[in-house]
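The data block below is model-v1.tsv; it holds TSV, C-alpha atoms.
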chain	number	residue	atom	x	y	z
P	347	MET	CA	13.29	-47.84	7.12
P	348	LYS	CA	16.24	-45.50	7.11
P	349	PRO	CA	16.14	-42.79	9.78
P	350	LEU	CA	16.26	-40.08	7.10
P	351	HIS	CA	13.24	-41.54	5.30
P	352	LEU	CA	11.35	-41.76	8.57
P	353	MET	CA	12.17	-38.16	9.37
P	354	VAL	CA	11.00	-36.93	5.97
P	355	MET	CA	7.77	-38.89	6.37
P	356	ILE	CA	7.11	-37.45	9.81
P	357	MET	CA	7.77	-33.97	8.47
P	358	LEU	CA	5.36	-34.49	5.58
P	359	VAL	CA	2.62	-35.79	7.86
P	360	LEU	CA	3.12	-32.88	10.25
P	361	TRP	CA	3.17	-30.41	7.36
P	362	GLY	CA	-0.21	-31.64	6.21
P	363	SER	CA	-1.72	-31.50	9.66
P	364	VAL	CA	-0.60	-27.94	10.43
P	365	GLY	CA	-2.48	-26.21	7.64
P	366	GLN	CA	-2.82	-22.45	7.69
P	367	ALA	CA	-4.53	-20.77	10.58
P	368	PRO	CA	-7.13	-18.39	9.16
P	369	ALA	CA	-6.33	-14.74	9.88
P	370	LEU	CA	-10.03	-13.94	10.05
P	371	GLN	CA	-11.26	-13.98	13.65
P	372	PRO	CA	-14.69	-15.50	14.43
P	373	GLU	CA	-16.02	-12.21	15.82
P	374	GLU	CA	-15.21	-10.44	12.55
P	375	ARG	CA	-17.61	-12.59	10.55
P	376	LEU	CA	-20.92	-11.24	9.35
P	377	SER	CA	-24.03	-13.18	10.40
P	378	ASN	CA	-25.42	-13.14	6.86
P	379	PRO	CA	-23.56	-15.94	4.99
P	380	ILE	CA	-23.99	-14.32	1.56
P	381	SER	CA	-22.54	-11.02	2.78
P	382	GLU	CA	-19.74	-12.89	4.54
P	383	GLU	CA	-18.89	-14.73	1.33
P	384	ARG	CA	-18.76	-11.42	-0.54
P	385	ALA	CA	-16.46	-10.01	2.14
P	386	ARG	CA	-14.14	-13.03	1.89
P	387	GLY	CA	-14.10	-12.76	-1.91
P	388	LEU	CA	-13.21	-9.07	-1.79
P	389	SER	CA	-10.57	-9.60	0.91
P	390	ALA	CA	-8.82	-12.22	-1.19
P	391	GLN	CA	-8.40	-9.70	-4.06
P	392	LEU	CA	-6.95	-6.94	-1.91
P	393	ARG	CA	-3.34	-6.48	-0.95
P	394	CYS	CA	-2.33	-6.01	2.65
P	395	LEU	CA	-0.19	-2.90	2.09
P	396	VAL	CA	2.06	-3.46	5.08
P	397	CYS	CA	2.74	-7.15	4.35
P	398	GLN	CA	4.88	-9.09	1.90
P	399	ASN	CA	2.55	-10.00	-0.96
P	400	GLN	CA	-0.32	-11.20	1.22
P	401	SER	CA	-4.00	-10.53	0.77
P	402	ILE	CA	-5.85	-8.91	3.64
P	403	ASP	CA	-7.75	-12.19	3.94
P	404	ASP	CA	-4.49	-14.01	4.75
P	405	SER	CA	-2.85	-11.44	6.95
P	406	ASP	CA	-2.86	-11.07	10.72
P	407	ALA	CA	-1.58	-7.50	10.57
P	408	PRO	CA	-3.76	-4.92	12.38
P	409	PHE	CA	-3.93	-2.95	9.13
P	410	ALA	CA	-5.42	-5.97	7.32
P	411	ARG	CA	-7.91	-6.43	10.14
P	412	ASP	CA	-8.93	-2.75	9.86
P	413	MET	CA	-9.47	-3.18	6.14
P	414	ARG	CA	-11.50	-6.37	6.61
P	415	ARG	CA	-13.69	-4.60	9.14
P	416	MET	CA	-14.12	-1.62	6.83
P	417	ILE	CA	-15.19	-3.93	3.97
P	418	ARG	CA	-17.76	-5.66	6.17
P	419	GLN	CA	-19.04	-2.31	7.40
P	420	GLN	CA	-19.47	-1.09	3.83
P	421	ILE	CA	-21.23	-4.31	2.79
P	422	THR	CA	-23.60	-3.92	5.75
P	423	ASP	CA	-24.18	-0.31	4.66
P	424	GLY	CA	-25.36	-1.63	1.29
P	425	GLN	CA	-22.32	-0.76	-0.87
P	426	THR	CA	-21.67	-2.89	-3.96
P	427	ASP	CA	-18.39	-4.74	-4.53
P	428	ASP	CA	-17.43	-2.22	-7.22
P	429	GLU	CA	-18.11	0.70	-4.90
P	430	ILE	CA	-15.92	-0.81	-2.19
P	431	ILE	CA	-13.07	-1.51	-4.63
P	432	THR	CA	-13.37	2.05	-5.99
P	433	PHE	CA	-13.26	3.45	-2.44
P	434	LEU	CA	-10.02	1.60	-1.75
P	435	ARG	CA	-8.46	2.34	-5.15
P	436	GLN	CA	-9.09	6.06	-4.65
P	437	ARG	CA	-7.06	5.85	-1.46
P	438	TYR	CA	-4.42	3.22	-2.09
P	439	GLY	CA	-4.24	3.18	-5.87
P	440	ASP	CA	-4.05	0.11	-8.08
P	441	TYR	CA	-1.39	-1.23	-5.74
P	442	VAL	CA	-4.14	-2.35	-3.37
P	443	LEU	CA	-5.34	-4.84	-6.03
P	444	LEU	CA	-3.42	-8.11	-6.11
P	445	ASN	CA	-4.26	-8.33	-9.83
P	446	PRO	CA	-3.18	-4.98	-11.29
P	447	PRO	CA	-5.57	-3.77	-14.03
P	448	PHE	CA	-4.26	-3.37	-17.59
P	449	SER	CA	-3.07	0.21	-18.11
P	450	ASN	CA	-0.19	2.13	-19.71
P	451	THR	CA	1.99	1.60	-16.65
P	452	THR	CA	1.25	-2.13	-16.36
P	453	ALA	CA	1.15	-2.98	-20.08
P	454	LEU	CA	4.75	-4.24	-20.03
P	455	LEU	CA	3.98	-6.38	-17.00
P	456	TRP	CA	1.04	-8.08	-18.73
P	457	ILE	CA	2.51	-8.39	-22.21
P	458	ALA	CA	6.06	-9.42	-21.31
P	459	PRO	CA	5.31	-13.07	-20.33
P	460	PHE	CA	3.50	-13.69	-23.62
P	461	ALA	CA	6.23	-11.91	-25.56
P	462	PHE	CA	8.87	-14.07	-23.91
P	463	LEU	CA	6.81	-17.19	-24.63
P	464	VAL	CA	6.65	-16.26	-28.32
P	465	ILE	CA	10.38	-15.50	-28.40
P	466	GLY	CA	11.12	-18.80	-26.68
P	467	VAL	CA	8.94	-20.88	-29.01
P	468	ALA	CA	10.37	-19.09	-32.03
P	469	GLY	CA	13.90	-19.71	-30.72
P	470	ILE	CA	13.25	-23.44	-30.27
P	471	ALA	CA	11.61	-23.72	-33.71
P	472	LEU	CA	14.55	-21.95	-35.35
P	473	ALA	CA	17.06	-24.13	-33.52
P	474	ARG	CA	15.20	-27.31	-34.59
P	475	ARG	CA	15.06	-26.20	-38.20
P	476	GLY	CA	18.76	-25.43	-38.05
P	477	ARG	CA	19.50	-28.87	-36.62
P	478	ASN	CA	17.28	-30.66	-39.20
P	479	GLN	CA	19.02	-28.79	-41.97
P	480	ASN	CA	22.38	-29.76	-40.53
P	481	THR	CA	21.42	-33.45	-40.37
P	482	SER	CA	19.94	-33.47	-43.88
P	483	ASP	CA	23.04	-31.64	-45.10
P	484	SER	CA	25.26	-34.30	-43.54
P	485	LYS	CA	23.10	-37.06	-45.07
P	486	GLN	CA	23.45	-35.55	-48.50
P	487	SER	CA	27.19	-35.22	-48.30
X	601	MET	CA	22.11	-20.14	-34.35
X	602	LYS	CA	23.41	-21.83	-31.24
X	603	ARG	CA	25.13	-18.61	-30.23
X	604	LEU	CA	21.83	-16.73	-30.60
X	605	LEU	CA	20.06	-19.22	-28.35
X	606	LEU	CA	22.74	-18.77	-25.72
X	607	THR	CA	22.82	-15.00	-25.89
X	608	LEU	CA	19.05	-14.45	-26.12
X	609	PRO	CA	18.34	-15.07	-22.40
X	610	LEU	CA	21.25	-12.81	-21.51
X	611	LEU	CA	19.92	-10.08	-23.81
X	612	ILE	CA	16.42	-10.36	-22.33
X	613	PHE	CA	17.87	-10.24	-18.83
X	614	ALA	CA	19.95	-7.18	-19.73
X	615	LEU	CA	16.87	-5.48	-21.24
X	616	ILE	CA	14.73	-6.07	-18.12
X	617	GLY	CA	17.62	-4.89	-15.95
X	618	ALA	CA	18.11	-1.74	-18.01
X	619	VAL	CA	14.40	-0.81	-17.97
X	620	SER	CA	14.21	-1.40	-14.19
X	621	LEU	CA	17.33	0.67	-13.59
X	622	VAL	CA	16.06	3.59	-15.67
X	623	MET	CA	12.64	3.57	-13.92
X	624	LEU	CA	14.28	3.32	-10.49
X	625	ASN	CA	16.61	6.22	-11.29
X	626	LEU	CA	13.75	8.36	-12.59
X	627	THR	CA	11.72	7.67	-9.45
X	628	SER	CA	14.53	8.24	-6.96
X	629	SER	CA	15.68	11.42	-8.69
X	630	GLY	CA	12.10	12.72	-8.52
X	631	LYS	CA	11.60	12.91	-12.31
X	632	ARG	CA	8.98	10.19	-12.17
X	633	ASP	CA	6.39	10.75	-9.48
X	634	ALA	CA	6.17	7.79	-7.12
X	635	ALA	CA	2.50	8.74	-6.80
X	636	SER	CA	1.99	7.54	-10.37
X	637	ILE	CA	2.22	4.04	-8.91
X	638	GLY	CA	-0.97	5.07	-7.15
X	639	PHE	CA	0.12	5.38	-3.60
X	640	SER	CA	-0.66	8.96	-2.74
X	641	MET	CA	-3.61	11.10	-1.80
X	642	THR	CA	-2.04	14.22	-3.31
X	643	GLY	CA	-4.57	16.00	-5.53
X	644	LYS	CA	-7.57	14.29	-3.96
X	645	THR	CA	-10.15	15.89	-1.72
X	646	MET	CA	-9.56	15.37	1.99
X	647	PRO	CA	-12.45	13.25	3.32
X	648	GLU	CA	-14.41	15.27	5.90
X	649	VAL	CA	-14.10	12.70	8.64
X	650	THR	CA	-15.44	13.26	12.14
X	651	MET	CA	-13.83	11.63	15.17
X	652	PRO	CA	-13.87	11.95	18.96
X	653	ARG	CA	-11.51	14.55	20.41
X	654	HIS	CA	-8.54	13.35	22.40
X	655	ASP	CA	-9.06	14.06	26.11
X	656	GLU	CA	-11.52	16.92	25.61
X	657	GLY	CA	-14.83	15.30	24.87
X	658	GLY	CA	-16.94	16.15	21.86
X	659	THR	CA	-16.01	15.57	18.25
X	660	LEU	CA	-13.54	16.98	15.78
X	661	SER	CA	-14.44	17.25	12.10
X	662	LEU	CA	-11.97	17.99	9.33
X	663	GLY	CA	-14.89	19.63	7.52
X	664	ASP	CA	-14.65	22.49	10.05
X	665	MET	CA	-11.18	23.32	8.72
X	666	THR	CA	-12.38	23.97	5.16
X	667	GLY	CA	-11.49	27.48	4.02
X	668	GLN	CA	-8.03	27.52	5.55
X	669	VAL	CA	-4.68	26.00	4.73
X	670	TYR	CA	-3.94	23.36	7.36
X	671	ALA	CA	-2.07	20.13	7.98
X	672	VAL	CA	-3.07	16.71	9.29
X	673	ASN	CA	-0.50	14.57	11.06
X	674	VAL	CA	-1.31	10.95	11.92
X	675	PHE	CA	0.78	9.83	14.90
X	676	ALA	CA	0.97	7.39	17.82
X	677	SER	CA	3.06	7.10	20.95
X	678	TRP	CA	4.26	3.62	19.89
X	679	CYS	CA	5.50	4.92	16.53
X	680	ALA	CA	9.27	5.44	16.69
X	681	PRO	CA	9.59	7.64	13.56
X	682	CYS	CA	6.90	9.93	15.08
X	683	ARG	CA	9.52	10.88	17.70
X	684	LEU	CA	11.98	11.75	14.96
X	685	GLU	CA	9.59	14.21	13.34
X	686	ALA	CA	8.34	15.85	16.56
X	687	SER	CA	10.52	18.96	16.18
X	688	SER	CA	9.58	19.35	12.48
X	689	ILE	CA	5.86	19.12	13.26
X	690	ASP	CA	6.40	21.71	15.98
X	691	GLU	CA	8.04	24.02	13.46
X	692	MET	CA	5.29	23.40	10.91
X	693	ALA	CA	2.63	24.20	13.55
X	694	ARG	CA	4.11	27.70	13.95
X	695	ASP	CA	3.21	28.28	10.30
X	696	ILE	CA	-0.17	26.56	9.83
X	697	PRO	CA	-2.65	24.79	12.14
X	698	VAL	CA	-1.87	21.08	12.43
X	699	ILE	CA	-4.62	18.62	13.29
X	700	GLY	CA	-3.25	15.53	15.03
X	701	ILE	CA	-4.89	12.15	14.57
X	702	ASN	CA	-3.86	9.76	17.31
X	703	TYR	CA	-3.91	6.32	15.70
X	704	ARG	CA	-4.65	3.13	17.67
X	705	ASP	CA	-3.17	4.47	20.84
X	706	ASP	CA	-3.77	4.31	24.54
X	707	SER	CA	-4.98	7.67	25.82
X	708	ALA	CA	-2.50	7.76	28.72
X	709	ASP	CA	0.40	6.74	26.43
X	710	ALA	CA	-0.58	9.49	24.01
X	711	ASN	CA	-0.56	12.05	26.84
X	712	ALA	CA	2.87	10.86	27.98
X	713	PHE	CA	4.12	11.23	24.40
X	714	LEU	CA	2.70	14.77	24.15
X	715	ASN	CA	4.26	15.69	27.50
X	716	GLN	CA	7.64	14.40	26.46
X	717	PHE	CA	7.80	15.74	22.89
X	718	GLY	CA	5.44	18.70	23.22
X	719	ASN	CA	1.96	19.24	21.85
X	720	PRO	CA	2.12	21.25	18.64
X	721	TYR	CA	-1.44	20.38	17.59
X	722	HIS	CA	-4.29	22.80	16.97
X	723	ALA	CA	-6.60	19.92	17.94
X	724	ILE	CA	-6.23	16.17	18.32
X	725	GLY	CA	-8.72	13.53	17.25
X	726	ARG	CA	-8.72	9.89	18.24
X	727	ASP	CA	-8.74	7.02	15.76
X	728	GLY	CA	-8.99	4.16	18.22
X	729	ASP	CA	-9.78	1.40	15.73
X	730	GLY	CA	-8.02	2.64	12.58
X	731	SER	CA	-11.27	3.26	10.67
X	732	ILE	CA	-10.68	7.02	10.27
X	733	SER	CA	-7.17	6.52	8.91
X	734	ILE	CA	-8.33	4.04	6.25
X	735	GLN	CA	-10.65	6.75	4.94
X	736	LEU	CA	-7.61	9.03	4.63
X	737	GLY	CA	-5.56	6.43	2.74
X	738	VAL	CA	-3.13	6.01	5.65
X	739	HIS	CA	-1.10	2.80	5.66
X	740	GLY	CA	2.03	3.47	7.70
X	741	LEU	CA	2.74	5.97	10.46
X	742	PRO	CA	3.57	8.78	10.57
X	743	GLU	CA	1.72	10.39	7.67
X	744	THR	CA	1.30	14.09	6.98
X	745	PHE	CA	-1.11	15.95	4.69
X	746	ILE	CA	-1.13	19.60	3.66
X	747	ILE	CA	-4.65	20.67	2.71
X	748	GLY	CA	-5.61	23.74	0.69
X	749	ARG	CA	-8.56	26.09	1.31
X	750	ASP	CA	-10.70	24.11	-1.13
X	751	GLY	CA	-10.10	20.92	0.86
X	752	VAL	CA	-7.82	19.42	-1.81
X	753	ILE	CA	-4.69	17.65	-0.54
X	754	ALA	CA	-1.70	19.65	-1.78
X	755	TYR	CA	0.87	17.23	-0.40
X	756	HIS	CA	0.81	13.79	1.20
X	757	HIS	CA	3.89	12.38	2.85
X	758	GLN	CA	4.37	8.93	4.30
X	759	GLY	CA	7.19	8.65	6.82
X	760	PRO	CA	8.69	11.15	9.24
X	761	VAL	CA	8.77	14.81	8.22
X	762	LEU	CA	12.43	15.80	8.49
X	763	ALA	CA	14.13	19.10	7.66
X	764	GLY	CA	14.41	18.08	4.00
X	765	GLU	CA	10.66	17.61	3.56
X	766	LEU	CA	9.78	20.56	5.78
X	767	ASN	CA	11.91	23.09	3.91
X	768	GLY	CA	11.39	21.48	0.50
X	769	PRO	CA	8.08	20.03	-0.71
X	770	ILE	CA	6.06	20.97	2.39
X	771	ALA	CA	7.13	24.63	2.36
X	772	GLN	CA	6.41	24.65	-1.38
X	773	ALA	CA	2.95	23.07	-0.92
X	774	ILE	CA	2.05	25.59	1.81
X	775	ARG	CA	3.20	28.51	-0.37
X	776	THR	CA	1.20	27.24	-3.36
X	777	ALA	CA	-1.88	26.52	-1.24
X	778	ARG	CA	-1.74	30.02	0.28
X	779	ALA	CA	-1.39	31.66	-3.12
X	780	ASP	CA	-4.50	29.79	-4.28
X	781	PRO	CA	-7.56	31.94	-3.52

Take the structure I supplied and represent it as structure tokens, if you would.
Amino acid sequence: MKPLHLMVMIMLVLWGSVGQAPALQPEERLSNPISEERARGLSAQLRCLVCQNQSIDDSDAPFARDMRRMIRQQITDGQTDDEIITFLRQRYGDYVLLNPPFSNTTALLWIAPFAFLVIGVAGIALARRGRNQNTSDSKQS
Amino acid sequence: MKRLLLTLPLLIFALIGAVSLVMLNLTSSGKRDAASIGFSMTGKTMPEVTMPRHDEGGTLSLGDMTGQVYAVNVFASWCAPCRLEASSIDEMARDIPVIGINYRDDSADANAFLNQFGNPYHAIGRDGDGSISIQLGVHGLPETFIIGRDGVIAYHHQGPVLAGELNGPIAQAIRTARADP
């Protein structure tokens, strides 16, 4: 085996074994597994505002920890998921949601990929038709 | 046809670039409110949070301030930009009462900070675990709020208050809030 191949293999094996350390600390967890699952689900949808595109479930930042604790506190206090999301949206706006809701300001964001897909498909179809016409033209001549 | 296929991606790229540039210019020139992205507490009611007082014992409630125009300044000794704004907060405190919220700080460090930069605060509350600040929509220190008599936030600023903010939007917000009965 070439040294380079061996090195790549070692790196791949190590990569797999490292995994991602969970940001959530054991003492943060709620004792009720259903509530804990709800908290994890909510955390995964919410942006850590001081991080680079991480959810608060993934982040080690103190701010993310504060938000996780607040979510668990509100769940324990009997708040519904919607109420907790509303509480955070009132304070941090739609930006706190990793999936921005469809609105006037985000319409372009949501529609653009589909528009580009349509333009792309149309472009390819037109190009093919053009090429077929060219080949049939050359056959005729 | 081939030319169209080649120029189409360039056109799309130019279009996205142009839209981004226009939006960025509108936002930075102040014509488009950055708060429309949803990152500001301006216009919302200040939550009437209650927290322990810093170094005095007892509690401090923002609800007690209702009926007057006041400011809230979230600060910490470890926050470098908080040092930059110290003189501005001092100046602001000569105009309206400023409630300090000491965020995730060591009590002794906070005292050292207040000794070094002065204590302009009407009262200081402690937010030892960050739970109070989340209720206020705080996400990065320092943050400053101007609150009207009705408890509605007239202005919310994230980042240090420098002369530009103090003499511009903050002075304006205080004037407007005072004119409001």

Closest pair table for chain P residues within 8 Å of chain X, all atoms listed in the file, as a Markdown table:
| residue | atom | partner | partner_atom | distance |
| --- | --- | --- | --- | --- |
| P:Leu395 | CA | X:His739 | CA | 6.8 |
| P:Val396 | CA | X:His739 | CA | 7.0 |
| P:Phe409 | CA | X:His739 | CA | 7.3 |
| P:Asp412 | CA | X:Gly730 | CA | 6.1 |
| P:Met413 | CA | X:Ile734 | CA | 7.3 |
| P:Met416 | CA | X:Ser731 | CA | 6.8 |
| P:Leu434 | CA | X:Gly737 | CA | 8.0 |
| P:Gln436 | CA | X:Met641 | CA | 8.0 |
| P:Arg437 | CA | X:Gly737 | CA | 4.5 |
| P:Tyr438 | CA | X:Phe639 | CA | 5.2 |
| P:Gly439 | CA | X:Gly638 | CA | 4.0 |
| P:Asp440 | CA | X:Gly638 | CA | 5.9 |
| P:Tyr441 | CA | X:Gly638 | CA | 6.5 |
| P:Gly469 | CA | X:Leu605 | CA | 6.6 |
| P:Leu472 | CA | X:Met601 | CA | 7.8 |
| P:Ala473 | CA | X:Met601 | CA | 6.5 |
| P:Gly476 | CA | X:Met601 | CA | 7.3 |

The residue from P:Asn445, P:Thr426, P:Thr432, P:Asn480 with the smallest atom-to-atom distance to Arg384 of chain P, counting only C-alpha atoms, is P:Thr426

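Taking atom CA of Ser677 of chain X as the reference point, atom CA of Asn719 of chain X is found at 12.2 Å.
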
- prompt: What lies within 12 Å of Ala777 of chain X using all atoms listed in the file, ignoring chain neighbours under 6 positions off, as a PyMOL selection string?
  reply: chain X and resi 643+667-671+696+746-755+769-771

Written file, previous selection with C-alpha atoms, as an mmCIF file, in the coordinates of the input:
data_model
loop_
_atom_site.group_PDB
_atom_site.id
_atom_site.type_symbol
_atom_site.label_atom_id
_atom_site.label_comp_id
_atom_site.auth_asym_id
_atom_site.auth_seq_id
_atom_site.Cartn_x
_atom_site.Cartn_y
_atom_site.Cartn_z
ATOM 1 C CA GLY X 643 -4.570 16.000 -5.530
ATOM 2 C CA GLY X 667 -11.490 27.480 4.020
ATOM 3 C CA GLN X 668 -8.030 27.520 5.550
ATOM 4 C CA VAL X 669 -4.680 26.000 4.730
ATOM 5 C CA TYR X 670 -3.940 23.360 7.360
ATOM 6 C CA ALA X 671 -2.070 20.130 7.980
ATOM 7 C CA ILE X 696 -0.170 26.560 9.830
ATOM 8 C CA ILE X 746 -1.130 19.600 3.660
ATOM 9 C CA ILE X 747 -4.650 20.670 2.710
ATOM 10 C CA GLY X 748 -5.610 23.740 0.690
ATOM 11 C CA ARG X 749 -8.560 26.090 1.310
ATOM 12 C CA ASP X 750 -10.700 24.110 -1.130
ATOM 13 C CA GLY X 751 -10.100 20.920 0.860
ATOM 14 C CA VAL X 752 -7.820 19.420 -1.810
ATOM 15 C CA ILE X 753 -4.690 17.650 -0.540
ATOM 16 C CA ALA X 754 -1.700 19.650 -1.780
ATOM 17 C CA TYR X 755 0.870 17.230 -0.400
ATOM 18 C CA PRO X 769 8.080 20.030 -0.710
ATOM 19 C CA ILE X 770 6.060 20.970 2.390
ATOM 20 C CA ALA X 771 7.130 24.630 2.360
#

Counting only C-alpha atoms, closest pick from P:Ala407, P:Ile421, P:Val359, P:Leu444 relative to Ala390 of chain P is P:Leu444

Box centre and edge lengths (Å, one decimal), axis-aligned, segment 461-467 of chain P plus 4 Å each side, as JSON:
{"center_x": 8.7, "center_y": -16.4, "center_z": -26.5, "size_x": 12.9, "size_y": 17.0, "size_z": 13.1}

If you count only C-alpha atoms, which residues fall within 6 Å of Ala693 of chain X, apart from same-chain ones fewer than 4 positions away, as a ChimeraX atom specification? /X:697-698,720

Between atom CA of His757 of chain X and atom CA of Asn702 of chain X lies a distance of 16.6 Å

_Distance criterion (all atoms listed in the file): nearest to Pro379 of chain P out of P:Asn399, P:Arg418, P:Asn478, P:Leu455_ =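 Under the stated criterion, the closest residue is P:Arg418.
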
A straight line from atom CA of Cys682 of chain X to atom CA of Glu743 of chain X spans 9.1 Å

Applying 7 Å and only C-alpha atoms, which residues near Leu660 of chain X remain after dropping the ones on its own chain fewer than 5 positions away? List them as a short mmCIF file (atom, residue, chain, number, x, y, z; two decimals) with C-alpha atoms, in the coordinates of the input.
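As written to disk, selection-v9.cif reads:
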data_model
loop_
_atom_site.label_atom_id
_atom_site.label_comp_id
_atom_site.auth_asym_id
_atom_site.auth_seq_id
_atom_site.Cartn_x
_atom_site.Cartn_y
_atom_site.Cartn_z
CA THR X 650 -15.44 13.26 12.14
CA MET X 651 -13.83 11.63 15.17
CA PRO X 652 -13.87 11.95 18.96
CA ARG X 653 -11.51 14.55 20.41
CA GLY X 725 -8.72 13.53 17.25
#

Of P:Arg375, P:Leu392, P:Ala458, P:Met353, the one nearest to Leu615 of chain X when counting all atoms listed in the file is P:Ala458
